[in-house]
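Report on one structure; see the data block that follows.
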Amino acid sequence: MFAEKELLLVPGPTPIPPQVQRAMMRPVINHRCPAYEELFAGLQEKLKRLFAVNGEVFVFPAAGTGMLEAIVVNFLSPNDPVLMVSIGWFGDRFGEIAERFGVNVTWLKLEWGTAATPEIVAKAMDETKKPFKAVLITHNETSTAVVNPVKDIAKVVKERGALLLVDAVSGLAAMPLPMDEWQIDAVAAASQKALMTPPGIGLVAVREEAWEAVEMAQMPRFYWDFRLARKFQSHNQNPYTPPVTLLYGLDAALDLIFDEGMDAFFERHKRVRDLLRNGIREMGLELFVPDDKIASCSLTAVKVPEGIHGGDLIRQLRNKYRIEVAGGQEHLRGKIIRISHMGYIHESDMLLALGALKSALKDLGWSRNCP
Ligand SMILES: Cc1ncc(COP(=O)(O)O)c(C=O)c1O
């Protein structure tokens, strides 16, 4: 049976460009041979360019959540005081992982739909008077479609001598996050988001200046051990079997990003976001995040009009229009839909999404402001 054509607009996995799909058709090779080492050496260089970091980028067969755990066990020790800045579901998950490993987490939970600010973070660090080892934060909060001002937050964290550990699973490549320039110590990412590669590769980049913290951390670790991975990486190898096929795909995806140009890639994400946001407003619908300054370039959250349940809207978009979008999480379940514009997404995709959204709402009886 042929899969029906569908437009994949969930915030991961995202659509795969044909060049990436083709690259993954190559035969699997032995990962202990010179051809693999050549692939992995090239990949490491490209990943350092992507993260804009001089340190290390680790590649794991894993989902993004594994990378959050990898950061916790490689940088922290039990009872270490950390500040968890959470603006939504994924911030809560990062902090929960740290708590499970016995880290002493102070929560700075902000209202869903808002962003943190450097002032709020500085105040939280100063008022508690705890010697925070690290600040943990989400770059792009996927549950609310909000981006945190990581550059400015990094300044106040660094002034206070703490590590800055960032979950950029859904933000990396969609919006700038130059690690060395902004002094971010570790960044987690995953293949199935703006990197246009199927799920299965987790990435963590570590700034050179932060390496000492990895050596000092007391948390037990094996699979995620950056020290072991670094040893192997120095001769273009991995400690255990890498997902070779996916790495071919990631390599091709990075070539696409650099061919387009990183700045042009960011710019396209912003353009596509603006097109969608303007279209939503013109339809008379409400954006969950009205303020453009904190609105994510990775995805957009739209309020479901009164009288319609988000689940019904999602099913209508899927069954009648072959468009996959995501719903809200926790208290936003049924109240918002989330439309991704990460990676291999262009203006034409957003025009389709807007047209289908308008039709699906009409199908469900919505007529207010509908031209
Ligand atoms: C910001 C953020 N962090 C972490 C994750 C977890 O990634 P995964 O589902 O690959 O474990 C996601 C997934 O959507 C995410 O958006």
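Please note that chains go A, B, ... in the order of the structure tokens, that every chain numbers its residues from 1, and that ligands are numbered from 1 in the order shown.
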field: Distance query His341 of chain A at most 8 Å, only C-alpha atoms, self and fewer than 3 positions along chain excluded, as a PyMOL selection string
entry: chain A and resi 9+11+269+272-273+297-300+344-346+350
Could you turn the residues from that selection into a file that holds N, CA and C atoms, as a PDB file, in the first residue's frame?
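Saved as out_27.pdb:
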ATOM      1  N   LEU A   9       3.354  18.705   9.853  1.00  0.00           N
ATOM      2  CA  LEU A   9       3.620  19.990  10.509  1.00  0.00           C
ATOM      3  C   LEU A   9       3.576  19.868  12.032  1.00  0.00           C
ATOM      4  N   PRO A  11       5.804  19.457  15.575  1.00  0.00           N
ATOM      5  CA  PRO A  11       7.162  19.909  15.943  1.00  0.00           C
ATOM      6  C   PRO A  11       8.101  18.736  16.226  1.00  0.00           C
ATOM      7  N   HIS A 269      13.276  30.760   8.386  1.00  0.00           N
ATOM      8  CA  HIS A 269      12.399  30.358   9.493  1.00  0.00           C
ATOM      9  C   HIS A 269      11.558  31.541   9.990  1.00  0.00           C
ATOM     10  N   VAL A 272       8.864  32.497   7.304  1.00  0.00           N
ATOM     11  CA  VAL A 272       7.767  31.533   7.287  1.00  0.00           C
ATOM     12  C   VAL A 272       6.890  31.716   8.529  1.00  0.00           C
ATOM     13  N   ARG A 273       7.537  31.936   9.669  1.00  0.00           N
ATOM     14  CA  ARG A 273       6.784  32.214  10.908  1.00  0.00           C
ATOM     15  C   ARG A 273       5.885  33.436  10.722  1.00  0.00           C
ATOM     16  N   CYS A 297      10.517  30.851  16.145  1.00  0.00           N
ATOM     17  CA  CYS A 297      10.610  30.677  14.695  1.00  0.00           C
ATOM     18  C   CYS A 297      10.516  29.197  14.323  1.00  0.00           C
ATOM     19  N   SER A 298      10.396  28.317  15.327  1.00  0.00           N
ATOM     20  CA  SER A 298      10.322  26.879  15.061  1.00  0.00           C
ATOM     21  C   SER A 298       8.889  26.412  14.866  1.00  0.00           C
ATOM     22  N   LEU A 299       7.995  27.004  15.659  1.00  0.00           N
ATOM     23  CA  LEU A 299       6.587  26.586  15.587  1.00  0.00           C
ATOM     24  C   LEU A 299       5.710  27.712  16.105  1.00  0.00           C
ATOM     25  N   THR A 300       4.410  27.603  15.779  1.00  0.00           N
ATOM     26  CA  THR A 300       3.457  28.629  16.205  1.00  0.00           C
ATOM     27  C   THR A 300       2.273  27.947  16.879  1.00  0.00           C
ATOM     28  N   TYR A 344      12.647  21.729   6.801  1.00  0.00           N
ATOM     29  CA  TYR A 344      12.319  21.700   5.373  1.00  0.00           C
ATOM     30  C   TYR A 344      10.883  22.184   5.154  1.00  0.00           C
ATOM     31  N   ILE A 345      10.621  23.409   5.524  1.00  0.00           N
ATOM     32  CA  ILE A 345       9.284  24.002   5.439  1.00  0.00           C
ATOM     33  C   ILE A 345       9.432  25.361   4.758  1.00  0.00           C
ATOM     34  N   HIS A 346       8.519  25.623   3.840  1.00  0.00           N
ATOM     35  CA  HIS A 346       8.617  26.864   3.074  1.00  0.00           C
ATOM     36  C   HIS A 346       7.284  27.605   3.107  1.00  0.00           C
ATOM     37  N   MET A 350       3.027  26.809   4.426  1.00  0.00           N
ATOM     38  CA  MET A 350       2.206  27.590   5.362  1.00  0.00           C
ATOM     39  C   MET A 350       0.906  28.051   4.712  1.00  0.00           C
TER      40      MET A 350
END
- prompt: What residues have any atom no more than 10 Å from ligand 1 when counting only C-alpha atoms and all ligand atoms, and can you list them as a PyMOL selection string?
  reply: chain A and resi 10-13+62-68+88-94+137-145+147+166-172+188-193+199-202+298
field: Residues flagged strand (DSSP E) by DSSP in segment 1-190 of chain A, as an NGL selection string
entry: :A and (7-8 or 56-61 or 81-86 or 104-109 or 134-138 or 140-141 or 146-147 or 163-167 or 186-190)
File of the preceding selection, N, CA, C and O atoms, as a compact mmCIF listing (two decimals), in the first residue's frame:
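What landed in again.txt:
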# COMPACT_ATOMS: atom_id res chain seq x y z
N LEU A 7 1.12 16.38 4.77
CA LEU A 7 2.00 17.48 5.14
C LEU A 7 2.24 17.38 6.65
O LEU A 7 1.32 17.49 7.45
N LEU A 8 3.50 17.14 6.98
CA LEU A 8 3.88 16.88 8.37
C LEU A 8 4.26 18.19 9.04
O LEU A 8 5.36 18.71 8.83
N GLU A 56 33.49 20.19 21.90
CA GLU A 56 33.13 18.87 21.37
C GLU A 56 31.65 18.83 21.04
O GLU A 56 30.85 19.47 21.73
N VAL A 57 31.30 18.07 20.02
CA VAL A 57 29.88 17.77 19.79
C VAL A 57 29.74 16.25 19.82
O VAL A 57 30.38 15.55 19.03
N PHE A 58 28.92 15.77 20.76
CA PHE A 58 28.73 14.32 20.90
C PHE A 58 27.48 13.87 20.18
O PHE A 58 26.46 14.58 20.19
N VAL A 59 27.60 12.70 19.57
CA VAL A 59 26.51 12.16 18.75
C VAL A 59 26.09 10.84 19.38
O VAL A 59 26.89 9.91 19.47
N PHE A 60 24.85 10.76 19.81
CA PHE A 60 24.35 9.53 20.46
C PHE A 60 23.17 8.95 19.69
O PHE A 60 22.34 9.70 19.18
N PRO A 61 23.06 7.62 19.66
CA PRO A 61 21.82 7.03 19.16
C PRO A 61 20.76 7.24 20.25
O PRO A 61 20.73 6.50 21.22
N PRO A 81 23.37 22.40 43.82
CA PRO A 81 22.25 23.34 43.67
C PRO A 81 22.20 23.88 42.23
O PRO A 81 23.21 24.36 41.71
N VAL A 82 21.04 23.76 41.60
CA VAL A 82 20.87 24.33 40.26
C VAL A 82 19.57 25.12 40.21
O VAL A 82 18.64 24.85 40.98
N LEU A 83 19.53 26.09 39.30
CA LEU A 83 18.29 26.83 39.07
C LEU A 83 17.68 26.32 37.77
O LEU A 83 18.34 26.33 36.72
N MET A 84 16.44 25.85 37.85
CA MET A 84 15.74 25.39 36.66
C MET A 84 14.75 26.46 36.22
O MET A 84 13.78 26.75 36.93
N VAL A 85 15.03 27.07 35.09
CA VAL A 85 14.13 28.09 34.56
C VAL A 85 13.17 27.39 33.60
O VAL A 85 13.57 26.94 32.53
N SER A 86 11.91 27.28 34.02
CA SER A 86 10.95 26.54 33.19
C SER A 86 9.82 27.44 32.74
O SER A 86 9.18 28.11 33.55
N ASN A 104 19.85 19.17 43.57
CA ASN A 104 19.04 20.07 44.40
C ASN A 104 18.49 21.20 43.51
O ASN A 104 19.16 22.19 43.26
N VAL A 105 17.26 20.99 43.02
CA VAL A 105 16.70 21.90 42.02
C VAL A 105 15.87 23.01 42.68
O VAL A 105 14.94 22.74 43.44
N THR A 106 16.23 24.25 42.39
CA THR A 106 15.36 25.39 42.74
C THR A 106 14.60 25.74 41.47
O THR A 106 15.21 25.96 40.41
N TRP A 107 13.28 25.75 41.59
CA TRP A 107 12.46 25.99 40.39
C TRP A 107 12.14 27.46 40.22
O TRP A 107 11.69 28.11 41.15
N LEU A 108 12.35 27.94 39.01
CA LEU A 108 11.81 29.25 38.62
C LEU A 108 10.81 28.95 37.52
O LEU A 108 11.17 28.81 36.35
N LYS A 109 9.55 28.75 37.94
CA LYS A 109 8.51 28.37 36.97
C LYS A 109 7.76 29.63 36.57
O LYS A 109 7.19 30.31 37.42
N ALA A 134 24.74 25.50 38.38
CA ALA A 134 24.31 25.64 36.98
C ALA A 134 22.92 26.23 36.91
O ALA A 134 22.13 26.13 37.85
N VAL A 135 22.65 26.84 35.76
CA VAL A 135 21.29 27.24 35.41
C VAL A 135 20.88 26.39 34.21
O VAL A 135 21.63 26.29 33.22
N LEU A 136 19.71 25.77 34.33
CA LEU A 136 19.18 24.93 33.24
C LEU A 136 18.02 25.68 32.61
O LEU A 136 17.16 26.21 33.34
N ILE A 137 17.98 25.70 31.30
CA ILE A 137 16.92 26.46 30.63
C ILE A 137 16.62 25.86 29.25
O ILE A 137 17.49 25.22 28.64
N THR A 138 15.39 26.07 28.79
CA THR A 138 14.99 25.64 27.45
C THR A 138 15.18 26.83 26.51
O THR A 138 14.75 27.94 26.82
N ASN A 140 14.04 26.93 23.10
CA ASN A 140 12.73 27.09 22.47
C ASN A 140 11.76 26.15 23.19
O ASN A 140 11.93 24.94 23.13
N GLU A 141 10.77 26.74 23.88
CA GLU A 141 9.81 25.90 24.61
C GLU A 141 8.72 25.45 23.64
O GLU A 141 7.85 26.22 23.24
N VAL A 146 7.39 29.48 22.52
CA VAL A 146 8.08 30.68 23.02
C VAL A 146 9.59 30.46 22.99
O VAL A 146 10.07 29.38 23.35
N VAL A 147 10.32 31.50 22.59
CA VAL A 147 11.78 31.40 22.63
C VAL A 147 12.31 32.27 23.76
O VAL A 147 11.87 33.42 23.94
N LEU A 163 27.29 27.52 35.50
CA LEU A 163 27.25 26.93 34.16
C LEU A 163 25.89 27.22 33.55
O LEU A 163 24.88 27.29 34.26
N LEU A 164 25.83 27.35 32.23
CA LEU A 164 24.54 27.50 31.56
C LEU A 164 24.34 26.28 30.64
O LEU A 164 25.11 26.06 29.70
N LEU A 165 23.31 25.50 30.97
CA LEU A 165 23.05 24.24 30.27
C LEU A 165 21.70 24.36 29.58
O LEU A 165 20.67 24.60 30.24
N VAL A 166 21.70 24.21 28.26
CA VAL A 166 20.53 24.61 27.47
C VAL A 166 19.93 23.45 26.68
O VAL A 166 20.65 22.73 25.98
N ASP A 167 18.62 23.31 26.78
CA ASP A 167 17.87 22.39 25.93
C ASP A 167 17.45 23.16 24.67
O ASP A 167 16.55 24.00 24.73
N ALA A 186 26.70 24.05 27.56
CA ALA A 186 26.27 22.81 26.88
C ALA A 186 24.92 23.05 26.22
O ALA A 186 24.08 23.78 26.74
N VAL A 187 24.77 22.42 25.07
CA VAL A 187 23.51 22.54 24.31
C VAL A 187 23.08 21.15 23.86
O VAL A 187 23.87 20.40 23.28
N ALA A 188 21.81 20.83 24.13
CA ALA A 188 21.24 19.55 23.67
C ALA A 188 20.40 19.78 22.43
O ALA A 188 19.69 20.79 22.33
N ALA A 189 20.47 18.84 21.49
CA ALA A 189 19.66 18.94 20.27
C ALA A 189 19.30 17.53 19.80
O ALA A 189 19.76 16.54 20.37
N ALA A 190 18.45 17.47 18.78
CA ALA A 190 18.05 16.15 18.25
C ALA A 190 17.80 16.26 16.76
O ALA A 190 17.49 17.34 16.24
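For the set A:Trp224, A:Tyr248, A:Ala52, A:Arg315, the residue with the smallest atom-to-atom gap to Gln19 of chain A is A:Tyr248, counting only C-alpha atoms.
When the distance limit is 9 Å and only C-alpha atoms are what count, the residues near Gly311 of chain A, minus those fewer than 3 positions from it on the same chain, are Ile308, Ile314, Arg315, Gln316, Gly327, Arg333, Gly334, Lys335 and Ile337 of chain A.
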DSSP-assigned helix (DSSP H, G or I) members of segment 267-367 of chain A, reported as JSON, numbers by chain: {"A": [267, 268, 269, 270, 271, 272, 273, 274, 275, 276, 277, 278, 279, 280, 281, 282, 292, 293, 294, 310, 311, 312, 313, 314, 315, 316, 317, 318, 319, 320, 321, 330, 331, 332, 347, 348, 349, 350, 351, 352, 353, 354, 355, 356, 357, 358, 359, 360, 361, 362, 363]}
For the selection just defined, write its residues with C-alpha atoms to a file, as a PDB file, in the first residue's frame.
ATOM      1  CA  GLU A 267      15.928  34.157   7.991  1.00  0.00           C
ATOM      2  CA  ARG A 268      13.693  31.684   6.177  1.00  0.00           C
ATOM      3  CA  HIS A 269      12.399  30.358   9.493  1.00  0.00           C
ATOM      4  CA  LYS A 270      11.492  33.882  10.539  1.00  0.00           C
ATOM      5  CA  ARG A 271       9.847  34.687   7.196  1.00  0.00           C
ATOM      6  CA  VAL A 272       7.767  31.533   7.287  1.00  0.00           C
ATOM      7  CA  ARG A 273       6.784  32.214  10.908  1.00  0.00           C
ATOM      8  CA  ASP A 274       5.686  35.751  10.006  1.00  0.00           C
ATOM      9  CA  LEU A 275       3.664  34.557   7.048  1.00  0.00           C
ATOM     10  CA  LEU A 276       1.829  32.074   9.248  1.00  0.00           C
ATOM     11  CA  ARG A 277       1.283  34.541  12.095  1.00  0.00           C
ATOM     12  CA  ASN A 278      -0.064  37.205   9.728  1.00  0.00           C
ATOM     13  CA  GLY A 279      -2.378  34.681   8.097  1.00  0.00           C
ATOM     14  CA  ILE A 280      -3.685  33.540  11.479  1.00  0.00           C
ATOM     15  CA  ARG A 281      -4.412  37.114  12.498  1.00  0.00           C
ATOM     16  CA  GLU A 282      -6.116  37.868   9.164  1.00  0.00           C
ATOM     17  CA  ASP A 292       6.368  38.768  18.116  1.00  0.00           C
ATOM     18  CA  LYS A 293       9.522  39.377  20.174  1.00  0.00           C
ATOM     19  CA  ILE A 294       9.206  36.080  22.047  1.00  0.00           C
ATOM     20  CA  GLY A 310      -8.628  21.092  19.611  1.00  0.00           C
ATOM     21  CA  GLY A 311      -8.753  17.307  19.235  1.00  0.00           C
ATOM     22  CA  ASP A 312     -11.591  17.579  16.716  1.00  0.00           C
ATOM     23  CA  LEU A 313      -9.708  20.210  14.752  1.00  0.00           C
ATOM     24  CA  ILE A 314      -6.579  18.045  14.646  1.00  0.00           C
ATOM     25  CA  ARG A 315      -8.598  15.019  13.472  1.00  0.00           C
ATOM     26  CA  GLN A 316     -10.342  17.086  10.785  1.00  0.00           C
ATOM     27  CA  LEU A 317      -7.000  18.409   9.504  1.00  0.00           C
ATOM     28  CA  ARG A 318      -5.635  14.865   9.456  1.00  0.00           C
ATOM     29  CA  ASN A 319      -8.575  12.974   7.990  1.00  0.00           C
ATOM     30  CA  LYS A 320      -9.871  15.436   5.436  1.00  0.00           C
ATOM     31  CA  TYR A 321      -6.839  17.558   4.540  1.00  0.00           C
ATOM     32  CA  GLU A 330      -1.174  19.679  30.037  1.00  0.00           C
ATOM     33  CA  HIS A 331      -3.747  22.450  30.680  1.00  0.00           C
ATOM     34  CA  LEU A 332      -3.488  23.565  27.039  1.00  0.00           C
ATOM     35  CA  GLU A 347       6.066  29.604   2.467  1.00  0.00           C
ATOM     36  CA  SER A 348       3.974  27.320   0.251  1.00  0.00           C
ATOM     37  CA  ASP A 349       3.539  24.838   3.129  1.00  0.00           C
ATOM     38  CA  MET A 350       2.206  27.590   5.362  1.00  0.00           C
ATOM     39  CA  LEU A 351      -0.255  28.736   2.698  1.00  0.00           C
ATOM     40  CA  LEU A 352      -1.563  25.176   2.530  1.00  0.00           C
ATOM     41  CA  ALA A 353      -1.788  25.006   6.306  1.00  0.00           C
ATOM     42  CA  LEU A 354      -3.707  28.287   6.488  1.00  0.00           C
ATOM     43  CA  GLY A 355      -6.131  27.193   3.765  1.00  0.00           C
ATOM     44  CA  ALA A 356      -6.706  23.818   5.395  1.00  0.00           C
ATOM     45  CA  LEU A 357      -7.126  25.378   8.835  1.00  0.00           C
ATOM     46  CA  LYS A 358      -9.789  27.747   7.548  1.00  0.00           C
ATOM     47  CA  SER A 359     -11.632  24.898   5.782  1.00  0.00           C
ATOM     48  CA  ALA A 360     -11.402  22.554   8.772  1.00  0.00           C
ATOM     49  CA  LEU A 361     -12.771  25.237  11.096  1.00  0.00           C
ATOM     50  CA  LYS A 362     -15.652  25.893   8.724  1.00  0.00           C
ATOM     51  CA  ASP A 363     -16.358  22.148   8.611  1.00  0.00           C
TER      52      ASP A 363
END
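Pairwise distance (atom CA of Arg221 of chain A, atom CA of Ala70 of chain A) equals 8.4 Å.
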